$ cat final.txt   # compact mmCIF, C-alpha atoms
# COMPACT_ATOMS: atom_id res chain seq x y z
CA MET A 293 -10.08 93.84 69.98
CA PRO A 294 -9.81 90.53 71.84
CA SER A 295 -12.94 88.56 72.45
CA GLN A 296 -14.47 88.51 75.91
CA ILE A 297 -14.72 85.45 78.09
CA ASN A 298 -17.88 84.96 80.10
CA LYS A 299 -16.77 85.05 83.74
CA GLY A 300 -20.35 84.27 84.72
CA VAL A 301 -19.43 80.57 84.54
CA ILE A 302 -17.40 80.80 87.79
CA GLY A 303 -18.98 78.45 90.31
CA LYS A 304 -21.02 76.71 87.67
CA GLU A 305 -21.47 72.98 88.17
CA SER A 306 -21.88 70.69 85.18
CA PRO A 307 -24.47 67.92 85.31
CA PRO A 308 -22.85 64.86 86.95
CA PHE A 309 -22.00 62.04 84.55
CA VAL A 310 -21.33 58.37 85.10
CA VAL A 311 -18.54 56.30 83.53
CA THR A 312 -17.72 52.61 83.65
CA VAL A 313 -14.07 51.69 83.09
CA GLU A 314 -13.63 49.29 80.20
CA ARG A 315 -10.78 46.76 80.17
CA GLY A 316 -9.97 47.39 76.52
CA LYS A 317 -9.94 51.16 77.07
CA ILE A 318 -7.23 50.88 79.74
CA LYS A 319 -5.06 48.86 77.34
CA GLU A 320 -5.77 51.17 74.39
CA PHE A 321 -4.84 54.18 76.52
CA ALA A 322 -1.57 52.66 77.81
CA ARG A 323 -0.58 51.63 74.28
CA ALA A 324 -1.36 55.11 72.90
CA ILE A 325 1.14 56.56 75.39
CA GLY A 326 3.63 53.85 74.44
CA ASP A 327 3.63 52.47 77.99
CA ASP A 328 3.83 48.67 77.86
CA ASN A 329 3.71 48.07 81.61
CA PRO A 330 2.19 44.57 82.07
CA LEU A 331 0.07 45.83 84.98
CA TYR A 332 -1.91 47.81 82.38
CA LEU A 333 -1.86 45.26 79.58
CA ASP A 334 -1.65 41.70 80.86
CA ASP A 335 -4.73 40.31 82.64
CA ARG A 336 -2.75 37.46 84.23
CA VAL A 337 -0.15 39.83 85.66
CA GLY A 338 -3.03 41.96 86.97
CA GLN A 339 -4.76 38.98 88.60
CA ALA A 340 -1.53 37.97 90.34
CA SER A 341 -0.97 41.54 91.63
CA GLN A 342 -2.09 43.08 94.90
CA TRP A 343 -5.04 44.67 93.05
CA GLY A 344 -6.35 41.41 91.62
CA ASP A 345 -6.71 42.87 88.13
CA ILE A 346 -5.02 45.26 85.73
CA ILE A 347 -5.17 48.90 86.82
CA ALA A 348 -5.35 52.15 84.86
CA PRO A 349 -2.36 54.48 84.27
CA PRO A 350 -2.32 57.62 86.48
CA THR A 351 -3.61 59.95 83.74
CA PHE A 352 -6.37 57.58 82.57
CA MET A 353 -9.17 59.68 84.05
CA THR A 354 -8.64 62.18 81.25
CA THR A 355 -10.85 59.74 79.30
CA PHE A 356 -13.74 60.57 81.67
CA ARG A 357 -15.54 63.06 79.46
CA ASP A 358 -19.01 64.31 78.81
CA GLY A 359 -18.69 65.32 75.15
CA ALA A 360 -22.07 67.02 74.84
CA ASP A 361 -21.40 69.14 77.89
CA SER A 362 -17.92 70.27 76.83
CA ALA A 363 -19.20 71.68 73.50
CA ALA A 364 -21.97 73.54 75.34
CA PHE A 365 -19.43 74.81 77.88
CA LEU A 366 -17.21 76.32 75.16
CA ARG A 367 -20.23 78.12 73.68
CA GLU A 368 -21.16 79.43 77.09
CA LEU A 369 -17.60 80.67 77.66
CA GLY A 370 -17.76 82.46 74.32
CA THR A 371 -14.95 80.64 72.56
CA ASP A 372 -14.31 77.65 70.30
CA ILE A 373 -12.00 74.67 70.25
CA SER A 374 -9.39 76.25 67.94
CA ARG A 375 -8.51 78.81 70.66
CA LEU A 376 -7.78 76.26 73.41
CA LEU A 377 -4.47 75.24 74.93
CA HIS A 378 -3.91 73.05 77.95
CA GLY A 379 -2.32 75.06 80.74
CA GLU A 380 -2.07 72.78 83.75
CA GLN A 381 -3.38 69.43 84.93
CA GLU A 382 -3.33 67.68 88.29
CA PHE A 383 -4.56 64.31 89.50
CA GLU A 384 -4.90 63.52 93.17
CA LEU A 385 -5.43 59.78 93.29
CA HIS A 386 -6.66 58.01 96.39
CA ARG A 387 -6.44 54.51 94.94
CA PRO A 388 -5.88 52.74 91.60
CA ILE A 389 -8.92 51.98 89.45
CA ARG A 390 -9.77 48.70 87.72
CA PRO A 391 -11.88 47.47 84.80
CA GLY A 392 -15.60 47.25 85.46
CA GLU A 393 -15.69 49.96 88.12
CA THR A 394 -18.32 52.69 87.81
CA PHE A 395 -17.65 56.28 88.85
CA THR A 396 -19.58 59.52 89.06
CA CYS A 397 -17.84 62.72 87.95
CA ARG A 398 -18.89 66.13 89.23
CA SER A 399 -17.17 69.15 87.65
CA ARG A 400 -17.33 72.79 88.54
CA VAL A 401 -15.58 75.96 87.47
CA LEU A 402 -13.35 77.28 90.26
CA ASP A 403 -12.02 80.38 88.54
CA VAL A 404 -11.76 82.32 85.29
CA TYR A 405 -9.11 85.04 84.93
CA GLU A 406 -7.27 86.90 82.21
CA LYS A 407 -3.56 87.57 81.79
CA THR A 408 -1.38 88.87 79.01
CA GLY A 409 1.51 86.55 78.23
CA ARG A 410 4.32 86.55 75.66
CA SER A 411 1.90 85.50 72.95
CA GLY A 412 -0.84 88.01 73.79
CA PRO A 413 -3.98 88.15 75.94
CA MET A 414 -5.23 84.86 77.34
CA ALA A 415 -7.98 83.65 79.63
CA PHE A 416 -7.50 80.83 82.12
CA VAL A 417 -10.36 78.55 83.13
CA LEU A 418 -9.73 76.40 86.20
CA ARG A 419 -12.06 73.44 86.71
CA GLU A 420 -12.17 70.72 89.33
CA THR A 421 -13.72 67.30 88.94
CA LEU A 422 -14.49 65.05 91.88
CA VAL A 423 -14.60 61.35 91.03
CA THR A 424 -16.53 59.11 93.43
CA ASP A 425 -17.18 55.37 93.38
CA THR A 426 -20.47 53.55 93.92
CA THR A 427 -20.00 53.76 97.70
CA SER A 428 -19.65 57.58 97.38
CA GLU A 429 -16.00 57.31 98.38
CA LEU A 430 -13.77 59.97 96.78
CA VAL A 431 -11.39 58.21 94.39
CA ALA A 432 -9.77 61.20 92.69
CA THR A 433 -9.72 64.97 92.45
CA ILE A 434 -8.78 66.33 89.03
CA ARG A 435 -7.80 69.96 88.42
CA HIS A 436 -7.60 71.21 84.89
CA THR A 437 -6.56 74.65 83.63
CA THR A 438 -7.58 75.52 80.08
CA VAL A 439 -5.90 78.46 78.37
CA ILE A 440 -7.95 80.37 75.82
CA ARG A 441 -6.08 82.54 73.34
CA LEU A 442 -8.15 85.73 73.11
CA MET B 172 15.56 45.07 85.23
CA LYS B 173 13.00 47.51 83.88
CA TYR B 174 10.41 47.35 86.66
CA SER B 175 12.63 46.77 89.71
CA ARG B 176 11.03 47.51 93.08
CA VAL B 177 11.93 50.72 94.87
CA TYR B 178 11.72 50.76 98.67
CA PHE B 179 11.10 53.85 100.75
CA ASP B 180 14.13 53.04 102.95
CA ASP B 181 16.52 53.20 99.99
CA VAL B 182 15.32 56.52 98.55
CA LYS B 183 17.41 59.64 99.27
CA VAL B 184 16.57 63.28 98.67
CA GLY B 185 18.30 64.32 95.46
CA ASP B 186 18.15 60.85 93.91
CA GLU B 187 17.43 60.98 90.19
CA LEU B 188 14.90 58.74 88.47
CA PRO B 189 16.16 56.76 85.46
CA PRO B 190 15.37 59.03 82.47
CA LEU B 191 12.66 57.87 80.06
CA VAL B 192 13.34 58.60 76.39
CA LYS B 193 10.25 58.28 74.19
CA ASP B 194 10.18 57.55 70.48
CA PRO B 195 9.92 60.59 68.14
CA ILE B 196 6.37 62.00 68.05
CA GLN B 197 4.53 60.82 64.95
CA GLN B 198 1.13 61.83 63.64
CA ILE B 199 -0.11 58.27 64.07
CA GLN B 200 0.60 58.44 67.80
CA LEU B 201 -1.47 61.64 68.08
CA THR B 202 -4.29 59.92 66.22
CA ARG B 203 -4.09 56.91 68.53
CA TYR B 204 -4.00 59.17 71.56
CA ALA B 205 -7.05 61.07 70.30
CA GLY B 206 -8.98 57.81 69.99
CA ALA B 207 -7.78 56.48 73.33
CA SER B 208 -8.38 59.69 75.29
CA GLY B 209 -11.46 61.04 73.48
CA ASP B 210 -9.74 64.37 72.76
CA PHE B 211 -10.51 64.87 69.07
CA ASN B 212 -9.48 68.52 68.87
CA PRO B 213 -8.49 68.80 65.16
CA ILE B 214 -5.57 71.03 66.16
CA HIS B 215 -3.67 67.77 66.89
CA GLN B 216 -4.67 66.04 63.64
CA ASP B 217 -5.30 68.53 60.85
CA ASP B 218 -2.34 70.66 59.83
CA GLU B 219 -4.47 73.10 57.84
CA PHE B 220 -6.79 73.62 60.82
CA ALA B 221 -3.83 74.15 63.15
CA ARG B 222 -2.25 76.69 60.80
CA ALA B 223 -5.52 78.57 60.39
CA ALA B 224 -5.76 78.68 64.19
CA GLY B 225 -2.38 80.44 64.26
CA MET B 226 -0.48 77.51 65.77
CA GLY B 227 1.88 76.96 62.83
CA GLY B 228 0.88 73.32 62.37
CA VAL B 229 -0.27 70.35 64.42
CA PHE B 230 1.16 69.75 67.88
CA ALA B 231 0.84 66.99 70.47
CA HIS B 232 -1.85 66.77 73.14
CA GLY B 233 -0.48 68.11 76.41
CA MET B 234 -2.00 65.04 78.05
CA LEU B 235 0.20 62.78 75.93
CA SER B 236 3.31 64.44 77.41
CA MET B 237 1.73 64.13 80.86
CA GLY B 238 1.24 60.44 80.10
CA PHE B 239 4.97 60.24 79.38
CA VAL B 240 5.93 61.78 82.74
CA GLY B 241 3.36 59.51 84.37
CA GLN B 242 5.23 56.58 82.83
CA LEU B 243 8.54 57.98 84.13
CA VAL B 244 7.08 57.86 87.64
CA THR B 245 5.37 54.45 87.39
CA ASP B 246 8.41 52.81 85.72
CA TRP B 247 10.29 53.77 88.89
CA ALA B 248 7.70 53.57 91.69
CA GLY B 249 5.30 51.05 90.17
CA PRO B 250 1.78 51.53 88.79
CA GLY B 251 -0.63 52.18 91.61
CA ALA B 252 1.99 54.06 93.66
CA VAL B 253 1.02 57.49 92.34
CA ARG B 254 -0.92 59.65 94.82
CA LYS B 255 -0.49 62.94 93.03
CA LEU B 256 0.65 63.99 89.59
CA GLY B 257 0.52 67.65 88.61
CA VAL B 258 2.06 69.45 85.65
CA ARG B 259 2.23 72.73 83.80
CA PHE B 260 2.49 72.57 80.02
CA ALA B 261 5.42 74.88 79.34
CA ALA B 262 5.95 74.52 75.59
CA ILE B 263 4.34 72.96 72.54
CA VAL B 264 5.50 69.48 71.44
CA ARG B 265 5.80 69.09 67.65
CA LEU B 266 5.95 66.15 65.29
CA LYS B 267 9.41 64.48 65.27
CA ASP B 268 10.27 65.90 68.71
CA VAL B 269 12.05 63.43 70.97
CA ILE B 270 10.81 63.78 74.53
CA THR B 271 12.96 62.80 77.50
CA CYS B 272 11.34 62.65 80.94
CA ARG B 273 13.36 63.20 84.08
CA GLY B 274 12.75 63.44 87.78
CA ARG B 275 14.40 63.75 91.15
CA VAL B 276 13.47 63.19 94.76
CA LEU B 277 12.49 66.38 96.60
CA GLY B 278 11.47 64.97 99.95
CA LYS B 279 10.27 62.03 102.06
CA SER B 280 7.67 61.79 104.78
CA SER B 281 6.11 59.05 106.90
CA THR B 282 2.84 59.18 108.79
CA ASP B 283 1.45 56.04 110.44
CA ASP B 284 1.83 53.34 107.78
CA VAL B 285 2.02 55.64 104.76
CA ASN B 286 5.42 56.45 103.30
CA LEU B 287 5.38 59.23 100.75
CA VAL B 288 8.07 60.50 98.40
CA ASP B 289 7.75 63.87 96.66
CA LEU B 290 9.28 64.19 93.22
CA GLU B 291 10.12 66.99 90.86
CA ILE B 292 9.37 65.81 87.34
CA TRP B 293 9.83 67.32 83.92
CA ALA B 294 10.01 66.53 80.23
CA GLU B 295 12.29 68.16 77.70
CA ASN B 296 12.63 68.07 73.94
CA GLN B 297 15.77 67.28 71.90
CA LYS B 298 16.92 70.91 72.26
CA GLY B 299 16.80 70.64 76.05
CA GLU B 300 13.74 72.93 76.31
CA LYS B 301 11.34 71.99 79.08
CA VAL B 302 7.93 71.15 77.65
CA VAL B 303 6.36 69.92 80.90
CA THR B 304 7.26 70.76 84.50
CA GLY B 305 5.59 69.40 87.59
CA LYS B 306 5.51 67.42 90.78
CA ALA B 307 4.42 63.98 91.83
CA THR B 308 3.87 62.17 95.10
CA VAL B 309 4.21 58.40 95.34
CA SER B 310 3.56 55.96 98.14
CA LEU B 311 6.34 53.39 98.54
CA PRO B 312 6.62 50.16 100.55
CA THR B 313 9.24 49.72 103.26
CA ARG B 314 11.68 46.82 103.47
CA THR B 315 10.48 45.76 106.91

$ encode --input "final.txt" --output "structure tokens"
Amino acid sequence: MPSQINKGVIGKESPPFVVTVERGKIKEFARAIGDDNPLYLDDRVGQASQWGDIIAPPTFMTTFRDGADSAAFLRELGTDISRLLHGEQEFELHRPIRPGETFTCRSRVLDVYEKTGRSGPMAFVLRETLVTDTTSELVATIRHTTVIRL
Amino acid sequence: MKYSRVYFDDVKVGDELPPLVKDPIQQIQLTRYAGASGDFNPIHQDDEFARAAGMGGVFAHGMLSMGFVGQLVTDWAGPGAVRKLGVRFAAIVRLKDVITCRGRVLGKSSTDDVNLVDLEIWAENQKGEKVVTGKATVSLPTRT
């Protein structure tokens, strides 16, 4: 009997959280991917560029996490980390981001649905995160689909 | 030249991006990616945990493969050009897999001073199986 996923989380908004982009974190992230683009790694190349500093790779905002909240969210869904797979991910980016910038992230659950695939019953949890800067300008919209093996 | 500039004027629908072949996936890269991204799910680090979870052993973070296709796009269009990057994770990436990222131009559009190019992007393993499929939109400069 597969476990049940709590669909009551649809529409739920997580508490907003604030992140400040660290210079070293951008470089660490680019190196972990194996991407040695100097616009991520070399401060002098960044300063000479149109952005005036190094910028973050397009998937960098995956580092914007609220660890305490994600553990609580899994409990509320009725699952645990060993059941998770990543289904889909999308970044809509309105501009590049640089070291020292501070952003507010607001996440909410757009949908939860179940489907039976090749490997058995699964639940899909679609979340959206809006990332705004200190002038309340929208910098990015992130959509994330988690697959839970039931 | 690795980071040559691409201009909107020169791009044609159907053009293929230079493929990006990544080094074989090693456990140390998954550990580095966990630290860099903050995703410490043990399913990517601890083989025993991954087996007990029914996954047959550790596998790579989907976001690492998405980082690879992100690099495919920025190697071609330049960092900062990406307006949209969206993928579906189609298959698990295992240790020792060699991932090749590919892409092609789907369409072009210009509105006011913004010149956008839509791309189909994907990543495949050494057996030719697609592990990531998706789309990207980049903003490119014009020659004039």

$ closest_residue --input "final.txt" --among "A:Ala432, A:Ala364, A:Val337, A:Val301" --to "chain B" --atoms "only C-alpha atoms"
A:Ala432

$ residues_near_point --input "final.txt" --point "(-8.9, 56.7, 85.4)" --cutoff "10 Å" --atoms "only C-alpha atoms" --output "VMD selection string"
chain A and resid 311 to 313 318 347 to 356 383 385 388 to 391 393 395 423 431 to 432

$ residues_around --input "final.txt" --residues "Val404 of chain A" --least-positions-apart "6" --cutoff "6 Å" --atoms "all atoms listed in the file" --output "list in words"
Lys299, Phe416 and Val417 of chain A

$ atom_distance --input "final.txt" --atom1 "atom CA of Leu290 of chain B" --atom2 "atom CA of Arg400 of chain A"
28.4 Å

$ residues_around --input "final.txt" --residues "segment 210-219 of chain B" --least-positions-apart "6" --cutoff "6 Å" --atoms "only C-alpha atoms" --output "PyMOL selection string"
chain B and resi 228-231

$ interface_residues --input "final.txt" --of "chain B" --to "chain A" --cutoff "9 Å" --atoms "all atoms listed in the file" --output "VMD selection string"
chain B and resid 174 193 to 194 200 to 210 212 to 214 220 to 221 223 to 225 232 to 239 241 to 242 245 to 246 250 to 261

$ residues_near_point --input "final.txt" --point "(9.4, 66.4, 94.1)" --cutoff "7 Å" --atoms "only C-alpha atoms" --output "number ranges by chain"
B: 275-278, 289-292, 306-307

$ atom_distance --input "final.txt" --atom1 "atom CA of Leu418 of chain A" --atom2 "atom CA of Thr438 of chain A"
6.5 Å

$ atom_distance --input "final.txt" --atom1 "atom CA of Gly300 of chain A" --atom2 "atom CA of Leu402 of chain A"
11.3 Å

$ closest_residue --input "final.txt" --among "B:Gln297, B:Gln198, B:Thr313, B:Thr282" --to "Tyr178 of chain B" --atoms "all atoms listed in the file"
B:Thr313

$ residues_around --input "final.txt" --residues "Glu406 of chain A" --least-positions-apart "6" --cutoff "8 Å" --atoms "only C-alpha atoms" --output "list of chain:residue names"
A:Pro413, A:Met414, A:Ala415, A:Phe416

$ closest_residue --input "final.txt" --among "A:Ile297, A:Thr408, A:Thr394, A:Leu442" --to "Leu366 of chain A" --atoms "only C-alpha atoms"
A:Ile297

$ residues_around --input "final.txt" --residues "Phe365 of chain A" --least-positions-apart "5" --cutoff "9 Å" --atoms "all atoms listed in the file" --output "list in words"
Val301, Ser306, Ala360 and Gly370 of chain A

$ closest_residue --input "final.txt" --among "B:Lys298, B:Lys267, B:Arg222, B:Arg176" --to "Leu311 of chain B" --atoms "all atoms listed in the file"
B:Arg176

$ residues_around --input "final.txt" --residues "segment 293-296 of chain B" --least-positions-apart "3" --cutoff "8 Å" --atoms "all atoms listed in the file" --output "PyMOL selection string"
chain B and resi 236+240+264+268-274+299-305

$ axis_aligned_box --input "final.txt" --around "segment 333-339 of chain A" --padding-each-side "8 Å" --output "AutoDock Vina command-line options"
--center_x -2.5 --center_y 41.4 --center_z 84.1 --size_x 20.6 --size_y 23.8 --size_z 25.0

$ build_atoms --input "final.txt" --residues "segment 185-206 of chain B" --atoms "N, CA and C atoms" --output "mmCIF file, in the coordinates of the input"
data_model
loop_
_atom_site.group_PDB
_atom_site.id
_atom_site.type_symbol
_atom_site.label_atom_id
_atom_site.label_comp_id
_atom_site.auth_asym_id
_atom_site.auth_seq_id
_atom_site.Cartn_x
_atom_site.Cartn_y
_atom_site.Cartn_z
ATOM 1 N N GLY B 185 17.313 64.019 96.495
ATOM 2 C CA GLY B 185 18.300 64.320 95.460
ATOM 3 C C GLY B 185 18.508 63.185 94.478
ATOM 4 N N ASP B 186 18.054 61.978 94.841
ATOM 5 C CA ASP B 186 18.150 60.850 93.910
ATOM 6 C C ASP B 186 17.465 61.198 92.584
ATOM 7 N N GLU B 187 18.061 60.754 91.487
ATOM 8 C CA GLU B 187 17.430 60.980 90.190
ATOM 9 C C GLU B 187 16.756 59.719 89.693
ATOM 10 N N LEU B 188 15.598 59.883 89.063
ATOM 11 C CA LEU B 188 14.900 58.740 88.470
ATOM 12 C C LEU B 188 15.600 58.386 87.162
ATOM 13 N N PRO B 189 15.600 57.104 86.775
ATOM 14 C CA PRO B 189 16.160 56.760 85.460
ATOM 15 C C PRO B 189 15.383 57.512 84.379
ATOM 16 N N PRO B 190 16.075 58.260 83.512
ATOM 17 C CA PRO B 190 15.370 59.030 82.470
ATOM 18 C C PRO B 190 14.585 58.107 81.543
ATOM 19 N N LEU B 191 13.493 58.622 81.022
ATOM 20 C CA LEU B 191 12.660 57.870 80.060
ATOM 21 C C LEU B 191 12.704 58.621 78.736
ATOM 22 N N VAL B 192 13.269 57.978 77.715
ATOM 23 C CA VAL B 192 13.340 58.600 76.390
ATOM 24 C C VAL B 192 12.261 57.972 75.519
ATOM 25 N N LYS B 193 11.346 58.792 75.012
ATOM 26 C CA LYS B 193 10.250 58.280 74.190
ATOM 27 C C LYS B 193 10.626 58.346 72.707
ATOM 28 N N ASP B 194 9.957 57.530 71.927
ATOM 29 C CA ASP B 194 10.180 57.550 70.480
ATOM 30 C C ASP B 194 9.758 58.919 69.914
ATOM 31 N N PRO B 195 10.332 59.314 68.759
ATOM 32 C CA PRO B 195 9.920 60.590 68.140
ATOM 33 C C PRO B 195 8.404 60.644 67.959
ATOM 34 N N ILE B 196 7.823 61.823 68.186
ATOM 35 C CA ILE B 196 6.370 62.000 68.050
ATOM 36 C C ILE B 196 5.991 61.863 66.571
ATOM 37 N N GLN B 197 5.037 60.995 66.316
ATOM 38 C CA GLN B 197 4.530 60.820 64.950
ATOM 39 C C GLN B 197 3.041 61.128 64.933
ATOM 40 N N GLN B 198 2.562 61.531 63.767
ATOM 41 C CA GLN B 198 1.130 61.830 63.640
ATOM 42 C C GLN B 198 0.275 60.639 64.075
ATOM 43 N N ILE B 199 0.709 59.443 63.734
ATOM 44 C CA ILE B 199 -0.110 58.270 64.070
ATOM 45 C C ILE B 199 -0.279 58.134 65.586
ATOM 46 N N GLN B 200 0.747 58.521 66.344
ATOM 47 C CA GLN B 200 0.600 58.440 67.800
ATOM 48 C C GLN B 200 -0.432 59.454 68.298
ATOM 49 N N LEU B 201 -0.469 60.637 67.682
ATOM 50 C CA LEU B 201 -1.470 61.640 68.080
ATOM 51 C C LEU B 201 -2.879 61.178 67.725
ATOM 52 N N THR B 202 -2.984 60.454 66.617
ATOM 53 C CA THR B 202 -4.290 59.920 66.220
ATOM 54 C C THR B 202 -4.723 58.814 67.191
ATOM 55 N N ARG B 203 -3.784 57.957 67.533
ATOM 56 C CA ARG B 203 -4.090 56.910 68.530
ATOM 57 C C ARG B 203 -4.474 57.521 69.860
ATOM 58 N N TYR B 204 -3.718 58.549 70.268
ATOM 59 C CA TYR B 204 -4.000 59.170 71.560
ATOM 60 C C TYR B 204 -5.371 59.856 71.552
ATOM 61 N N ALA B 205 -5.727 60.449 70.403
ATOM 62 C CA ALA B 205 -7.050 61.070 70.300
ATOM 63 C C ALA B 205 -8.139 60.014 70.522
ATOM 64 N N GLY B 206 -7.992 58.880 69.853
ATOM 65 C CA GLY B 206 -8.980 57.810 69.990
ATOM 66 C C GLY B 206 -9.026 57.258 71.401
#
